[in-house]
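Next up, entry.csv (CSV, C-alpha atoms):
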chain,number,residue,atom,x,y,z
A,2,MET,CA,-10.3,5.2,-7.8
A,3,GLU,CA,-11.9,1.8,-7.4
A,4,PHE,CA,-10.9,-1.5,-9.1
A,5,ARG,CA,-12.5,-4.9,-9.3
A,6,GLU,CA,-9.4,-6.9,-10.3
A,7,LEU,CA,-5.8,-6.8,-9.1
A,8,PRO,CA,-4.3,-6.6,-12.6
A,9,GLU,CA,-6.4,-3.5,-13.3
A,10,ALA,CA,-5.3,-2.0,-10.0
A,11,THR,CA,-1.7,-2.8,-10.6
A,12,ARG,CA,-1.6,-1.1,-14.0
A,13,ALA,CA,-3.5,1.9,-12.6
A,14,ILE,CA,-1.1,2.4,-9.7
A,15,MET,CA,1.9,2.4,-12.1
A,16,HIS,CA,0.0,4.7,-14.5
A,17,GLU,CA,-1.0,7.1,-11.7
A,18,ARG,CA,2.5,7.4,-10.2
A,19,GLY,CA,4.5,7.2,-13.5
A,20,TRP,CA,6.2,4.0,-12.2
A,21,THR,CA,7.6,1.2,-14.2
A,22,GLN,CA,7.0,-2.4,-13.2
A,23,ALA,CA,10.5,-2.5,-11.7
A,24,ARG,CA,9.7,0.6,-9.6
A,25,LEU,CA,6.5,-0.9,-8.3
A,26,GLY,CA,8.4,-4.1,-7.6
A,27,GLU,CA,10.8,-2.1,-5.4
A,28,SER,CA,7.9,-0.9,-3.2
A,29,TRP,CA,6.5,-4.4,-2.9
A,30,GLY,CA,9.8,-6.1,-2.4
A,31,ARG,CA,9.2,-8.2,-5.5
A,32,THR,CA,10.9,-8.5,-8.9
A,33,GLN,CA,9.8,-6.8,-12.1
A,34,ALA,CA,9.0,-10.2,-13.6
A,35,TRP,CA,6.6,-10.9,-10.6
A,36,VAL,CA,4.8,-7.6,-11.1
A,37,SER,CA,4.5,-8.3,-14.8
A,38,LEU,CA,2.7,-11.6,-14.0
A,39,VAL,CA,0.4,-9.8,-11.5
A,40,ALA,CA,-0.4,-7.1,-14.1
A,41,GLY,CA,-1.2,-9.7,-16.7
A,42,GLY,CA,-3.5,-11.7,-14.3
A,43,LYS,CA,-1.1,-14.7,-14.3
A,44,GLN,CA,0.0,-14.5,-10.6
A,45,ASP,CA,-2.3,-15.5,-7.8
A,46,VAL,CA,-2.0,-13.3,-4.7
A,47,GLY,CA,-3.6,-14.3,-1.4
A,48,PHE,CA,-5.9,-11.9,0.4
A,49,ASN,CA,-3.6,-11.1,3.3
A,50,ARG,CA,-0.6,-10.5,1.0
A,51,LEU,CA,-2.8,-8.4,-1.2
A,52,SER,CA,-3.8,-6.2,1.7
A,53,ARG,CA,-0.2,-5.7,2.7
A,54,LEU,CA,1.0,-4.9,-0.8
A,55,LEU,CA,-1.7,-2.4,-1.5
A,56,ALA,CA,-1.2,-0.7,1.9
A,57,ARG,CA,2.4,0.0,0.9
A,58,VAL,CA,1.3,2.1,-2.0
A,59,GLY,CA,-1.6,3.9,-0.3
A,60,TYR,CA,-4.5,1.6,-1.2
A,61,GLU,CA,-6.8,-0.8,0.7
A,62,VAL,CA,-9.0,-3.8,0.0
A,63,VAL,CA,-12.7,-3.0,0.5
A,64,ILE,CA,-15.5,-5.7,0.8
A,65,ARG,CA,-19.0,-4.7,-0.1
A,66,ARG,CA,-22.2,-6.1,-1.4
A,67,LYS,CA,-22.1,-6.8,-5.2
A,68,ILE,CA,-23.8,-4.2,-7.3
A,69,ASP,CA,-26.1,-5.1,-10.1
A,70,GLU,CA,-24.9,-5.9,-13.6
A,71,ALA,CA,-26.2,-2.7,-15.1
A,72,GLU,CA,-24.2,-0.6,-12.7
A,73,VAL,CA,-21.1,-2.7,-13.4
A,74,LYS,CA,-21.5,-2.0,-17.2
A,75,ARG,CA,-22.0,1.7,-16.6
A,76,ARG,CA,-18.9,2.0,-14.5
A,77,ALA,CA,-16.9,-0.1,-17.0
A,78,PHE,CA,-18.1,2.2,-19.9
A,79,LEU,CA,-17.1,5.4,-18.0
A,80,THR,CA,-13.7,3.9,-17.0
A,81,GLY,CA,-13.1,3.0,-20.6
A,82,MET,CA,-14.0,6.4,-21.8
A,83,ALA,CA,-11.7,8.0,-19.3
A,84,THR,CA,-8.8,5.8,-20.4
A,85,VAL,CA,-9.3,6.5,-24.0
A,86,THR,CA,-9.7,10.3,-23.8
A,87,LEU,CA,-7.4,10.9,-20.8
A,88,ILE,CA,-9.8,13.5,-19.5
A,89,PRO,CA,-7.8,16.5,-18.4
A,90,SER,CA,-8.2,18.7,-15.4
A,91,ALA,CA,-11.0,21.2,-15.1
A,92,ASP,CA,-9.2,24.0,-16.8
A,93,GLY,CA,-8.5,21.9,-19.9
A,94,ASN,CA,-4.7,21.7,-19.5
A,95,PRO,CA,-3.8,17.9,-19.7
A,96,TYR,CA,-0.4,18.7,-18.1
A,97,ARG,CA,-2.2,19.3,-14.8
A,98,ASP,CA,-3.5,15.8,-14.9
A,99,PRO,CA,-1.3,13.5,-12.8
A,100,ASP,CA,-2.4,10.4,-14.8
A,101,TYR,CA,-1.6,12.1,-18.1
A,102,VAL,CA,1.8,13.2,-17.0
A,103,GLY,CA,2.6,9.8,-15.5
A,104,ALA,CA,1.6,8.1,-18.8
A,105,ILE,CA,4.0,10.4,-20.7
A,106,ALA,CA,6.8,9.6,-18.3
A,107,GLU,CA,6.3,5.9,-18.9
A,108,LYS,CA,6.3,6.4,-22.6
A,109,VAL,CA,9.5,8.4,-22.5
A,110,ASN,CA,11.1,5.7,-20.4
A,111,ARG,CA,10.1,2.9,-22.7
A,112,SER,CA,11.3,4.8,-25.8
A,113,LEU,CA,14.7,5.6,-24.3
A,114,TYR,CA,15.6,2.1,-23.3
A,115,GLU,CA,14.3,0.6,-26.5
A,116,SER,CA,15.7,3.0,-29.1
A,117,GLY,CA,18.0,5.6,-27.5
A,118,GLY,CA,17.8,9.2,-26.5
A,119,LEU,CA,18.2,10.9,-29.8
A,120,THR,CA,14.9,9.5,-31.2
A,121,GLY,CA,12.6,11.2,-28.7
A,122,PHE,CA,14.8,14.1,-27.5
A,123,GLN,CA,12.7,16.9,-28.9
A,124,ASN,CA,9.4,15.6,-27.8
A,125,ALA,CA,10.6,14.7,-24.4
A,126,SER,CA,12.0,18.2,-23.8
A,127,ARG,CA,8.8,19.8,-25.1
A,128,HIS,CA,6.7,17.8,-22.7
A,129,LEU,CA,8.9,18.8,-19.8
A,130,ARG,CA,8.6,22.5,-20.7
A,131,ARG,CA,4.8,22.2,-20.7
A,132,VAL,CA,4.7,20.4,-17.4
A,133,GLN,CA,7.0,22.9,-15.8
A,134,ASN,CA,4.6,25.7,-16.7
A,135,ALA,CA,1.5,23.7,-15.7
A,136,VAL,CA,2.9,22.7,-12.3
A,137,ALA,CA,4.2,26.1,-11.2
A,138,GLY,CA,2.7,26.9,-7.8
A,139,SER,CA,0.8,23.6,-7.5
A,140,ARG,CA,0.4,21.9,-4.2
A,141,ASP,CA,-1.1,18.7,-5.7
A,142,THR,CA,1.3,16.0,-4.4
A,143,ARG,CA,0.2,13.5,-7.0
A,144,LEU,CA,0.8,15.9,-9.8
A,145,LEU,CA,4.2,16.9,-8.4
A,146,GLY,CA,5.2,13.3,-8.1
A,147,SER,CA,4.2,12.6,-11.7
A,148,ALA,CA,6.1,15.8,-12.8
A,149,SER,CA,9.2,14.6,-11.0
A,150,ALA,CA,9.0,11.2,-12.7
A,151,LEU,CA,8.7,12.9,-16.1
A,152,ALA,CA,11.6,15.3,-15.3
A,153,ARG,CA,13.8,12.3,-14.4
A,154,GLN,CA,13.0,10.4,-17.6
A,155,VAL,CA,13.6,13.5,-19.7
A,156,SER,CA,16.9,14.1,-17.9
A,157,LEU,CA,18.0,10.6,-18.9
A,158,VAL,CA,17.0,11.2,-22.5
A,159,GLN,CA,19.0,14.4,-22.6
A,160,TYR,CA,21.9,12.7,-21.0
A,161,ASP,CA,21.9,10.0,-23.7
A,162,ALA,CA,21.7,12.7,-26.3
A,163,ARG,CA,24.8,14.3,-24.6
A,164,ARG,CA,23.0,17.5,-23.8
A,165,LEU,CA,24.5,17.5,-20.3
A,166,PRO,CA,23.6,21.1,-19.2
A,167,GLN,CA,20.0,20.3,-20.1
A,168,ALA,CA,20.1,16.9,-18.4
A,169,GLN,CA,21.5,18.5,-15.2
A,170,GLU,CA,18.8,21.2,-15.2
A,171,ALA,CA,16.1,18.6,-15.7
A,172,GLY,CA,17.5,16.5,-12.9
A,173,LYS,CA,17.5,19.5,-10.5
A,174,LEU,CA,13.9,20.1,-11.5
A,175,ALA,CA,13.1,16.5,-10.7
A,176,VAL,CA,14.6,16.9,-7.2
A,177,ALA,CA,12.6,20.1,-6.7
A,178,PHE,CA,9.3,18.5,-7.8
A,179,ALA,CA,10.0,15.4,-5.6
A,180,ARG,CA,10.7,17.6,-2.6
A,181,ALA,CA,7.6,19.7,-3.0
A,182,GLY,CA,5.5,16.5,-3.6
A,183,GLN,CA,7.1,14.8,-0.6
A,184,ASP,CA,8.1,11.8,-2.9
A,185,HIS,CA,11.1,10.4,-1.0
A,186,ASP,CA,12.0,7.7,-3.6
A,187,ALA,CA,11.8,10.1,-6.5
A,188,ARG,CA,14.1,12.5,-4.8
A,189,VAL,CA,16.7,9.8,-4.2
A,190,GLY,CA,16.5,8.7,-7.8
A,191,ALA,CA,16.9,12.2,-9.2
A,192,LEU,CA,19.9,12.9,-6.9
A,193,ASN,CA,21.5,9.6,-8.1
A,194,GLU,CA,21.1,10.6,-11.7
A,195,LEU,CA,22.6,14.0,-11.1
A,196,ALA,CA,25.6,12.3,-9.6
A,197,MET,CA,25.9,10.2,-12.7
A,198,PHE,CA,25.6,13.1,-15.1
A,199,TYR,CA,28.4,15.0,-13.3
A,200,ALA,CA,30.6,11.9,-13.2
A,201,TYR,CA,30.1,11.4,-16.9
A,202,GLN,CA,31.3,14.9,-17.3
A,203,GLY,CA,34.4,14.1,-15.2
A,204,ASP,CA,33.3,16.3,-12.3
A,205,GLY,CA,34.0,14.0,-9.4
A,206,ARG,CA,33.4,16.7,-6.8
A,207,ARG,CA,29.9,17.4,-7.8
A,208,GLY,CA,29.2,13.7,-8.4
A,209,GLU,CA,30.3,13.0,-4.8
A,210,TRP,CA,28.1,15.8,-3.4
A,211,TYR,CA,24.9,14.5,-5.1
A,212,ALA,CA,25.6,10.9,-4.2
A,213,ARG,CA,26.2,11.8,-0.6
A,214,GLN,CA,23.0,13.8,-0.6
A,215,ALA,CA,21.1,10.7,-1.7
A,216,LEU,CA,22.7,8.5,0.9
A,217,ALA,CA,22.0,11.0,3.6
A,218,LEU,CA,18.2,10.9,3.1
A,219,PRO,CA,16.4,9.0,5.9
A,220,GLU,CA,15.0,5.5,5.4
A,221,ILE,CA,16.7,4.9,2.1
A,222,SER,CA,15.9,1.5,0.7
A,223,PRO,CA,18.6,-1.1,-0.1
A,224,ALA,CA,17.9,-0.7,-3.8
A,225,TRP,CA,18.5,3.0,-3.7
A,226,GLU,CA,21.5,2.7,-1.4
A,227,ALA,CA,23.1,0.3,-3.9
A,228,ARG,CA,22.8,2.8,-6.7
A,229,ALA,CA,23.9,5.8,-4.6
A,230,SER,CA,26.9,3.8,-3.4
A,231,LEU,CA,27.8,3.1,-7.0
A,232,GLN,CA,27.7,6.8,-7.9
A,233,LEU,CA,29.7,7.7,-4.8
A,234,GLY,CA,32.3,5.0,-5.7
A,235,ARG,CA,32.6,6.4,-9.3
A,236,ALA,CA,32.9,10.0,-8.1
A,237,LEU,CA,35.6,9.0,-5.5
A,238,GLY,CA,37.5,7.2,-8.2
A,239,LEU,CA,37.5,10.3,-10.4
A,240,LEU,CA,39.0,12.2,-7.4
A,241,GLY,CA,41.8,9.6,-7.0
A,242,GLU,CA,40.4,8.1,-3.8
A,243,LYS,CA,40.7,4.5,-4.9
A,244,ARG,CA,40.5,2.8,-1.6
A,245,HIS,CA,37.3,4.6,-0.6
A,246,SER,CA,36.0,4.1,-4.1
A,247,ALA,CA,36.5,0.4,-3.8
A,248,MET,CA,34.6,0.3,-0.5
A,249,SER,CA,31.7,2.1,-2.0
A,250,LEU,CA,31.6,-0.1,-5.1
A,251,ASP,CA,31.8,-3.2,-2.9
A,252,ARG,CA,28.9,-1.8,-0.8
A,253,ALA,CA,26.9,-1.3,-4.0
A,254,ARG,CA,27.3,-5.0,-4.9
A,255,GLU,CA,26.6,-6.1,-1.4
A,256,VAL,CA,23.2,-4.3,-1.0
A,257,GLY,CA,22.2,-4.7,-4.6
A,258,THR,CA,21.5,-8.4,-4.5
A,259,ASP,CA,17.8,-7.9,-4.3
A,260,LEU,CA,17.5,-5.6,-7.3
A,261,THR,CA,15.6,-6.7,-10.3
A,262,ASP,CA,17.5,-8.4,-13.1
A,263,PHE,CA,17.6,-5.2,-15.1
A,264,GLN,CA,18.6,-3.0,-12.2
A,265,TYR,CA,21.4,-5.4,-11.1
A,266,ALA,CA,22.8,-5.6,-14.6
A,267,ASP,CA,22.8,-1.8,-14.9
A,268,LEU,CA,24.5,-1.7,-11.5
A,269,ILE,CA,27.2,-4.1,-12.6
A,270,GLY,CA,27.7,-2.0,-15.8
A,271,GLY,CA,28.1,1.1,-13.7
A,272,VAL,CA,30.7,-0.7,-11.6
A,273,GLY,CA,32.6,-1.5,-14.8
A,274,VAL,CA,32.5,2.1,-15.9
A,275,ALA,CA,33.8,3.3,-12.5
A,276,LEU,CA,36.7,0.8,-12.7
A,277,TYR,CA,37.4,1.9,-16.3
A,278,ASP,CA,37.6,5.6,-15.1
A,279,GLN,CA,40.3,4.4,-12.6
A,280,GLY,CA,42.3,2.6,-15.2
A,281,SER,CA,41.6,-0.9,-13.9
A,282,TRP,CA,41.2,-2.3,-17.4
A,283,LYS,CA,40.9,-6.0,-16.6
A,284,ALA,CA,38.5,-5.6,-13.8
A,285,ALA,CA,36.4,-3.1,-15.8
A,286,HIS,CA,36.3,-5.5,-18.8
A,287,ASP,CA,35.1,-8.4,-16.6
A,288,ALA,CA,32.3,-6.3,-14.9
A,289,LEU,CA,31.2,-4.9,-18.3
A,290,HIS,CA,31.1,-8.4,-19.8
A,291,GLU,CA,28.8,-9.5,-17.0
A,292,ALA,CA,26.6,-6.5,-17.5
A,293,VAL,CA,26.4,-7.0,-21.3
A,294,GLU,CA,25.4,-10.6,-20.9
A,295,ARG,CA,22.7,-9.7,-18.5
A,296,ILE,CA,21.2,-6.5,-19.9
A,297,SER,CA,21.4,-6.9,-23.7
A,298,PRO,CA,18.1,-8.9,-23.9
A,299,LEU,CA,16.4,-6.3,-21.7
A,300,SER,CA,17.7,-3.0,-23.3
A,301,PRO,CA,19.3,-2.6,-26.7
A,302,LEU,CA,20.4,0.9,-25.6
A,303,LEU,CA,22.3,-0.1,-22.4
A,304,GLY,CA,23.6,-3.3,-24.0
A,305,ALA,CA,25.2,-1.4,-26.8
A,306,ASN,CA,26.7,1.3,-24.5
A,307,TYR,CA,28.2,-1.2,-22.1
A,308,LEU,CA,29.5,-3.3,-25.0
A,309,ALA,CA,31.3,-0.2,-26.4
A,310,ARG,CA,32.9,0.4,-23.0
A,311,GLN,CA,34.0,-3.2,-22.9
A,312,VAL,CA,35.7,-2.8,-26.3
A,313,GLN,CA,37.5,0.3,-24.9
A,314,ALA,CA,38.7,-1.7,-21.9
A,315,ALA,CA,40.0,-4.4,-24.2
A,316,PHE,CA,42.0,-1.9,-26.2
A,317,GLN,CA,43.3,-0.2,-23.1
A,318,ALA,CA,44.4,-3.7,-21.8
A,319,SER,CA,46.4,-4.1,-25.1
A,320,GLU,CA,44.1,-7.0,-26.3
A,321,PRO,CA,43.4,-5.9,-29.8
A,322,LEU,CA,42.1,-9.2,-31.1
A,323,LEU,CA,39.6,-9.5,-28.3
A,324,ALA,CA,38.6,-5.9,-28.9
A,325,ALA,CA,38.1,-6.6,-32.6
A,326,GLU,CA,36.0,-9.6,-31.9
A,327,LEU,CA,33.8,-7.6,-29.5
A,328,THR,CA,33.6,-4.7,-32.0
A,329,THR,CA,32.2,-7.0,-34.7
A,330,THR,CA,29.3,-7.8,-32.3
A,331,LEU,CA,29.0,-4.1,-31.4
A,332,THR,CA,28.6,-3.0,-35.1
A,333,ARG,CA,25.6,-5.4,-35.4
A,334,VAL,CA,23.9,-3.9,-32.3
A,335,ALA,CA,24.7,-0.2,-32.7
A,336,PRO,CA,22.4,0.4,-35.6
A,337,LEU,CA,19.4,-0.6,-33.4
A,338,VAL,CA,19.6,2.5,-31.2
A,339,SER,CA,20.1,6.2,-31.7
A,340,SER,CA,22.4,7.3,-29.0
A,341,ALA,CA,24.8,10.2,-28.9
A,342,ARG,CA,26.6,8.6,-26.0
A,343,LEU,CA,27.2,5.5,-28.1
A,344,ASP,CA,28.5,7.6,-31.0
A,345,GLY,CA,30.9,9.2,-28.6
A,346,TYR,CA,32.1,5.8,-27.4
A,347,LEU,CA,32.5,4.6,-31.0
A,348,THR,CA,34.7,7.6,-31.7
A,349,GLU,CA,36.8,6.9,-28.7
A,350,VAL,CA,37.2,3.2,-29.9
A,351,MET,CA,38.5,4.5,-33.2
A,352,THR,CA,41.2,6.5,-31.3
A,353,LEU,CA,42.1,3.7,-29.0
A,354,SER,CA,42.5,1.2,-31.9
A,355,THR,CA,44.9,3.4,-33.8
A,356,PRO,CA,48.1,1.7,-32.6
A,357,TRP,CA,46.8,-1.6,-34.1
A,358,ARG,CA,45.3,-0.2,-37.2
A,359,ASP,CA,47.4,-2.4,-39.4
A,360,VAL,CA,46.3,-5.6,-37.7
A,361,PRO,CA,43.9,-7.1,-40.2
A,362,GLU,CA,41.1,-7.9,-37.7
A,363,VAL,CA,41.3,-4.4,-36.2
A,364,LYS,CA,41.5,-2.8,-39.7
A,365,ASP,CA,38.2,-4.5,-40.7
A,366,THR,CA,36.4,-3.4,-37.5
A,367,ARG,CA,37.7,0.2,-37.9
A,368,GLU,CA,36.0,0.3,-41.3
A,369,GLN,CA,32.8,-1.0,-39.8
A,370,ILE,CA,32.8,1.7,-37.1
A,371,ARG,CA,33.7,4.4,-39.7
A,372,ALA,CA,30.6,3.3,-41.7
A,373,LEU,CA,28.4,3.7,-38.6
A,374,LEU,CA,29.8,7.2,-37.8
A,375,THR,CA,29.3,8.6,-41.3
How does the structure come out when it is put into structure tokens?
Amino acid sequence: MEFRELPEATRAIMHERGWTQARLGESWGRTQAWVSLVAGGKQDVGFNRLSRLLARVGYEVVIRRKIDEAEVKRRAFLTGMATVTLIPSADGNPYRDPDYVGAIAEKVNRSLYESGGLTGFQNASRHLRRVQNAVAGSRDTRLLGSASALARQVSLVQYDARRLPQAQEAGKLAVAFARAGQDHDARVGALNELAMFYAYQGDGRRGEWYARQALALPEISPAWEARASLQLGRALGLLGEKRHSAMSLDRAREVGTDLTDFQYADLIGGVGVALYDQGSWKAAHDALHEAVERISPLSPLLGANYLARQVQAAFQASEPLLAAELTTTLTRVAPLVSSARLDGYLTEVMTLSTPWRDVPEVKDTREQIRALLT
């Protein structure tokens, strides 16, 4: 592919690989906000820097004599047609087109973090089945990379829908596609998510195994090391190894300082969940509070889920009035997303609040939650 402008190239690279702005930013060592400015044509990039950034993702800058205007218009027309129609592979199966599969992965990702996993669960799962059939036996590394990206996003949708066996199978499929396509980062990401799925299920042993698999891969970036260390810390906490868990969680914070705002907020939320699993209610509450403040403007889904965990931590710490205050905010946010995980957390909040059900503030919030669950 050829591009005449950097914004066009930036968007095409993300589309081709099924990457988000945050993921491209990781490869470039920049933030999601910076990539957004570049993609929108609002960030100037010098020639030398441009050459280095494009080289990191397999592209190069080419200087040639300017072609005539008629040729420019013809190419623009053909490019526009290809964009609109998403021309499939020669055999007519669009799921063998890396760009098409990458675009679906991006759409599934956007839908998940905006509105929750239940909304697009059926469509996402159907796309994955079709891709799995189309990719069987393929040696096209670009297609395999896009298929891995889609499998990862679908696994997260299934996880949020609390379809854990399906999420785990999709995660394993993402690992297999990434390995076959030699996509190092995608493999690390899928292993991390498998560790998270098993930890959510309370299976610390499998969570530890997948997290250590991710950390053992060569040349792991600081961003991925931070997230794998988080998952290892959570798994070790479930296994009762609190000292080693604390070391891993500290390591996650230490190497996660260069993450994008969204990634860092999600990391801190994960630390809060890990501390909650260990019964460290006050520390869990503080970490979850920080995560909610940072991530709510970026993702209604994660903001609501972390806020629900914060409410649980407040009840566990025997602070019913604080929990009731937080629940009032939660009941305003929860209707914005469709998440089976969130529904599960709300049900747990009802159970945890039972000892204080006669406290007026708690009684009111229990009625609000009950209305959401019916």
Kindly assemble as CSV a list of the region 215-309 of chain A residues that lie within 10 Å of region 174-192 of chain A, each paired with its nearest atom pair and their distance in Å to one decimal, using all atoms listed in the file, sorted first by chain and then by ascending residue number.
residue,atom,partner,partner_atom,distance
A:Ala215,CA,A:Val189,CA,5.1
A:Leu216,CA,A:Val189,CA,8.0
A:Ala217,CA,A:Val189,CA,9.5
A:Leu218,CA,A:Val189,CA,7.5
A:Pro219,CA,A:His185,CA,8.8
A:Glu220,CA,A:His185,CA,9.0
A:Ile221,CA,A:Asp186,CA,7.9
A:Ser222,CA,A:Asp186,CA,8.5
A:Trp225,CA,A:Val189,CA,7.1
A:Glu226,CA,A:Val189,CA,9.0
A:Arg228,CA,A:Gly190,CA,8.7
A:Ala229,CA,A:Val189,CA,8.2
A:Gln232,CA,A:Leu192,CA,10.0
Subject >> CA of Ala309 (chain A) to CA of Thr348 (chain A), straight-line distance in Å >> reply: 10.0 Å
**OP:** Taking (38.6, -5.8, -26.9) in the file's own coordinates, collect the residues within 12 Å, counting all atoms listed in the file, and hand them back as a ChimeraX atom specification.
**Re:** /A:282-283,285-287,289-290,308-331,350,353-354,357,362-363,366
Original post:
Within 10 Å of (17.6, 3.4, -33.3), in the coordinates the file gives, what residues turn up when you count only C-alpha atoms, written out as a list of chain:residue names?
Top reply: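 Neighbouring residues, ordered by chain and number, come to A:Ser112, A:Leu113, A:Glu115, A:Ser116, A:Gly117, A:Gly118, A:Leu119, A:Thr120, A:Pro301, A:Leu302, A:Val334, A:Ala335, A:Pro336, A:Leu337, A:Val338, A:Ser339, A:Ser340.
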Original post:
What gap, in Å, lies between CA of Leu38 (chain A) and CA of Leu260 (chain A)?
Top reply: 17.3 Å
**OP:** For CA of Arg18 (chain A) and CA of Tyr101 (chain A), quote the distance in Å rounded to one decimal.
**Re:** 10.1 Å
**OP:** Using all atoms listed in the file, determine which residues lie at most 12 Å from Ser249 (chain A), disregarding the query and same-chain residues fewer than 4 positions distant; provide the list as a list of chain:residue names.
**Re:**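 The residues that qualify are A:Glu209, A:Ala212, A:Arg213, A:Leu216, A:Glu226, A:Ala227, A:Arg228, A:Ala229, A:Ser230, A:Leu231, A:Gln232, A:Leu233, A:Gly234, A:Arg235, A:Ala236, A:Leu237, A:Gly238, A:Glu242, A:Lys243, A:Arg244, A:His245, A:Ala253, A:Arg254, A:Glu255, A:Val256, A:Gly257, A:Val272, A:Ala275, A:Leu276.
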**OP:** Check the smallest atom-to-atom distance from each of A:Ala162, A:Leu239, A:Leu373, A:Ala56 to Tyr199 (chain A) using all atoms listed in the file, then report the winner.
**Re:**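 Nearest to Tyr199 (chain A): A:Leu239.
Nearest to Val293 (chain A) of all the residues A:Gln202, A:Gln214, A:Thr352, A:Asn306 is A:Asn306, counting only C-alpha atoms.
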**OP:** Identify, on the basis of all atoms listed in the file, every residue whose closest approach to Ala148 (chain A) does not exceed 7 Å; exclude the query and any residue fewer than 4 positions from it along the same chain; express the result as a VMD selection string.
**Re:** chain A and resid 102 132 144 152 178
Write to file, as a PDB file, in the frame of the given file, the residues of the selection just made, with C-alpha atoms.
ATOM      1  CA  VAL A 102       1.800  13.200 -17.000  1.00  0.00           C
ATOM      2  CA  VAL A 132       4.700  20.400 -17.400  1.00  0.00           C
ATOM      3  CA  LEU A 144       0.800  15.900  -9.800  1.00  0.00           C
ATOM      4  CA  ALA A 152      11.600  15.300 -15.300  1.00  0.00           C
ATOM      5  CA  PHE A 178       9.300  18.500  -7.800  1.00  0.00           C
TER       6      PHE A 178
END
For region 258-275 of chain A, supply N, CA and C atoms and format the output as a CSV table (one decimal), in the coordinates of the input.
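Okay, this is what ended up in out-v8.csv:
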chain,number,residue,atom,x,y,z
A,258,THR,N,21.9,-7.0,-4.1
A,258,THR,CA,21.5,-8.4,-4.5
A,258,THR,C,20.0,-8.6,-4.7
A,259,ASP,N,19.2,-7.8,-4.1
A,259,ASP,CA,17.8,-7.9,-4.3
A,259,ASP,C,17.2,-7.1,-5.4
A,260,LEU,N,18.0,-6.4,-6.2
A,260,LEU,CA,17.5,-5.6,-7.3
A,260,LEU,C,16.9,-6.5,-8.4
A,261,THR,N,16.1,-6.0,-9.2
A,261,THR,CA,15.6,-6.7,-10.3
A,261,THR,C,16.7,-7.1,-11.3
A,262,ASP,N,16.5,-8.0,-12.2
A,262,ASP,CA,17.5,-8.4,-13.1
A,262,ASP,C,18.1,-7.2,-13.9
A,263,PHE,N,17.2,-6.3,-14.4
A,263,PHE,CA,17.6,-5.2,-15.1
A,263,PHE,C,18.4,-4.2,-14.3
A,264,GLN,N,17.9,-3.9,-13.1
A,264,GLN,CA,18.6,-3.0,-12.2
A,264,GLN,C,20.0,-3.5,-11.8
A,265,TYR,N,20.1,-4.8,-11.5
A,265,TYR,CA,21.4,-5.4,-11.1
A,265,TYR,C,22.4,-5.4,-12.3
A,266,ALA,N,21.9,-5.7,-13.5
A,266,ALA,CA,22.8,-5.6,-14.6
A,266,ALA,C,23.3,-4.2,-14.9
A,267,ASP,N,22.4,-3.2,-14.7
A,267,ASP,CA,22.8,-1.8,-14.9
A,267,ASP,C,23.8,-1.4,-13.8
A,268,LEU,N,23.6,-1.9,-12.6
A,268,LEU,CA,24.5,-1.7,-11.5
A,268,LEU,C,25.9,-2.2,-11.8
A,269,ILE,N,26.0,-3.4,-12.2
A,269,ILE,CA,27.2,-4.1,-12.6
A,269,ILE,C,27.9,-3.3,-13.7
A,270,GLY,N,27.1,-2.9,-14.7
A,270,GLY,CA,27.7,-2.0,-15.8
A,270,GLY,C,28.3,-0.7,-15.2
A,271,GLY,N,27.6,-0.1,-14.3
A,271,GLY,CA,28.1,1.1,-13.7
A,271,GLY,C,29.4,0.9,-12.9
A,272,VAL,N,29.5,-0.3,-12.2
A,272,VAL,CA,30.7,-0.7,-11.6
A,272,VAL,C,31.9,-0.8,-12.6
A,273,GLY,N,31.6,-1.4,-13.7
A,273,GLY,CA,32.6,-1.5,-14.8
A,273,GLY,C,33.0,-0.2,-15.3
A,274,VAL,N,32.1,0.8,-15.4
A,274,VAL,CA,32.5,2.1,-15.9
A,274,VAL,C,33.3,2.8,-14.9
A,275,ALA,N,33.0,2.7,-13.6
A,275,ALA,CA,33.8,3.3,-12.5
A,275,ALA,C,35.2,2.7,-12.5
